[in-house]
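**Q** First, the structure itself, so that you have it in front of you.
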Amino acid sequence: MRVLGHGDKAASEAMNDILAQVATNTETSKNVGHAILYEIVLTIMGIESDPGLRVLAINILGRFLLNTDKDIRYVALNTLLRVVHADSKAVQRHRLTILDCLKDPDVSIQRLAGNYARDDVVSSLVSLISQNPSLHAYATVQLFSAMNGAMSQQPLVQVACWTIGEYGDLLVSPEPSEDIPNPVTELELIAVLQRALVSVTSTVQTKQMVVNTLVKLTTRFTPTHLE
C-alpha cells in the first residue's frame with residue numbers, strides 16, 4: 001500500500017478509511033499488534049494521506065514512547081525523527097514524552113551498567129530537537145532545568161549541553177516569554193556547566209561536550225563571564 005500510494009493522491013484517498021480503521025482497532029496487547037501499527041504509521045506517513053490521519057500516526061508513535069519495551073521506544077523515537085518534517089506541530093504535542101526518554105532509560109540496563117543510554121538515542125534526540133524549531137526554546141529550558149537537578153543522568157546532561165551550546169542565548173533573553181518564563185543570567189548558566197565539568201558522575205564524553213558548549217558560548221556571552 002505504501003508503494004501504491006506514494007505520490008498518488010487518488011490511490012492515497014482510497015486507502016485513508018482502511019488505514020484509519022486498522023490504526024484505531026488494532027489490539028496492542030501483543031507484539032504483533034505493535035508491528036502492525038508500526039507498518040500502518042510508515043504507510044500513512046509515506047503516502048499522500050489526510051492531515052488528520054498523519055496526526056493519528058504521530059499520536060501512535062507518542063504512545064509507543066510510553067511503552068515499557070525499550071526497543072519499541074527506540075523505534076518510535078527514530079521514526080518521529082524521520083517524520084517530524086511532515087507535521088512538526090503534531091510532534092510537538094509529545095515533547096514532554098520525548099524529553100522524558102532521557103530520564104527513563106531501561107531499568108534492566110540501569111541495573112547492569114548504571115546510568116546508561118545508547119549513543120544513537122542521544123543523537124536521535126539531538127537531531128529531533130535541531131530539526132524542529134518549535135522545540136528549540138522549550139527544550140533548552142526544560143533540559144537546562146533537568147540538568148541542574150540531575151547531574152548523574154549522563155544522557156540528559158549530554159543532550160542538554162548540546163542544546164545549550166546551540167540555543168543557550170535563548171535562556172538569557174532579557175525579556176520573559178511564553179517559552180522562557182524565567183530567563184537565567186549568563187553567570188547562572190555557566191555555573192551549571194562548570195558543575196557538570198567537575199562532577200564525579202560526568203564521563204569523559206560528557207566533559208568534552210561541556211567544554212565544547214563553553215567554547216560555543218564564547219561567541220555569544222560577555223567575555224568576563226567565561227573567564
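The chains in the C-alpha cells are called A, B, ... from first to last as shown; in each chain the residues are counted from 1, and the ligands are counted from 1 in the order shown.
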Please list as a VMD selection string every residue within 10 Å of Val83 of chain A, counting only C-alpha atoms and excluding residues in the same chain fewer than 2 positions away.
**A** chain A and resid 41 to 42 45 to 46 54 57 to 58 78 to 81 85 to 88 91 128
**Q** What's around Gly62 of chain A at 8 Å? Count only C-alpha atoms, leave out sequence neighbours fewer than 4 positions away in its own chain, and write the answer as a ChimeraX atom specification.
**A** /A:58,66,76,94,97
**Q** A:Met151, A:Asp100, A:Ile180, A:Val159: which is nearest Arg195 of chain A, counting only C-alpha atoms?
**A**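 Among the listed residues, A:Met151 lies closest to Arg195 of chain A.
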**Q** With only C-alpha atoms as the atoms that count, which of A:Ile44, A:Leu77, A:Leu156, A:Leu171 lies nearest to Met15 of chain A?
**A**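 For Met15 of chain A, the nearest of the candidates is A:Ile44.
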**Q** Among segment 4-227 of chain A, which ones does DSSP assign to helix (DSSP H, G or I) (computed from the backbone)? Answer as a ChimeraX atom specification.
**A** /A:4-5,9-25,31-46,51-65,70-83,88-92,95-103,107-113,119-130,133-149,154-171,186-198,204-217,223-226
**Q** Kindly indicate which residue among A:Thr24, A:Thr213, A:Thr43, A:Asn182 lies nearest to Ser145 of chain A, using only C-alpha atoms for the distances.
**A**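 The shortest atom-to-atom distance to Ser145 of chain A comes from A:Asn182.
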**Q** In terms of the shortest atom-to-atom distance over only C-alpha atoms, which of A:Gln205, A:Ser29, A:Gln92, A:Ser199 is closest to Asn132 of chain A?
**A**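 Smallest separation from Asn132 of chain A among the options: A:Gln92.
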**Q** What's around Asn25 of chain A at 12 Å? Count only C-alpha atoms, leave out sequence neighbours fewer than 6 positions away in its own chain, and write the answer as a ChimeraX atom specification.
**A** /A:18-19,33-34,36-37,40
**Q** Next, write the just-selected residues to a file, as an mmCIF file, in the first residue's frame, keeping C-alpha atoms as the atom set.
**A**
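Written out: again29.cif:
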data_model
loop_
_atom_site.group_PDB
_atom_site.id
_atom_site.type_symbol
_atom_site.label_atom_id
_atom_site.label_comp_id
_atom_site.auth_asym_id
_atom_site.auth_seq_id
_atom_site.Cartn_x
_atom_site.Cartn_y
_atom_site.Cartn_z
ATOM 1 C CA ILE A 18 -8.872 1.437 5.673
ATOM 2 C CA LEU A 19 -5.733 2.797 7.323
ATOM 3 C CA GLY A 33 -0.167 -5.510 17.242
ATOM 4 C CA HIS A 34 2.732 -3.109 17.627
ATOM 5 C CA ILE A 36 1.046 -3.869 12.503
ATOM 6 C CA LEU A 37 0.652 -0.352 13.883
ATOM 7 C CA ILE A 40 0.457 1.458 9.382
#
**Q** Quick one: everything within 8 Å of Met209 of chain A, counting only C-alpha atoms, minus sequence neighbours fewer than 2 positions away in the same chain. Send it as a list of chain:residue names.
**A**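 Returned residues: A:Gln158, A:Cys161, A:Trp162, A:Gln205, A:Thr206, A:Lys207, A:Val211, A:Asn212, A:Thr213.
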**Q** Here is a test: counting only C-alpha atoms, which residue of A:Ala11, A:Val32, A:Val210, A:Val122 is nearest to Ile164 of chain A?
**A**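 Residue with the minimum atom-to-atom distance to Ile164 of chain A: A:Val210.
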**Q** As a PDB file with C-alpha atoms, in the first residue's frame, please: the residues near Ala139 of chain A (cut-off 8 Å, only C-alpha atoms, same-chain neighbours under 5 positions excluded).
**A**
ATOM      1  CA  LEU A  99      12.401  14.632  26.669  1.00  0.00           C
ATOM      2  CA  ILE A 129      15.344  18.939  18.528  1.00  0.00           C
ATOM      3  CA  THR A 163      21.141  22.189  23.232  1.00  0.00           C
TER       4      THR A 163
END
**Q** Find the residue from A:Ile47, A:Ala10, A:Leu56, A:Val192 that sits nearest to Ala150 of chain A; use only C-alpha atoms when measuring.
**A** A:Val192
**Q** Please, what distance in Å, to one decimal, runs between atom CA of Val184 of chain A and atom CA of Arg93 of chain A?
**A**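 Interatomic distance here is 25.5 Å.
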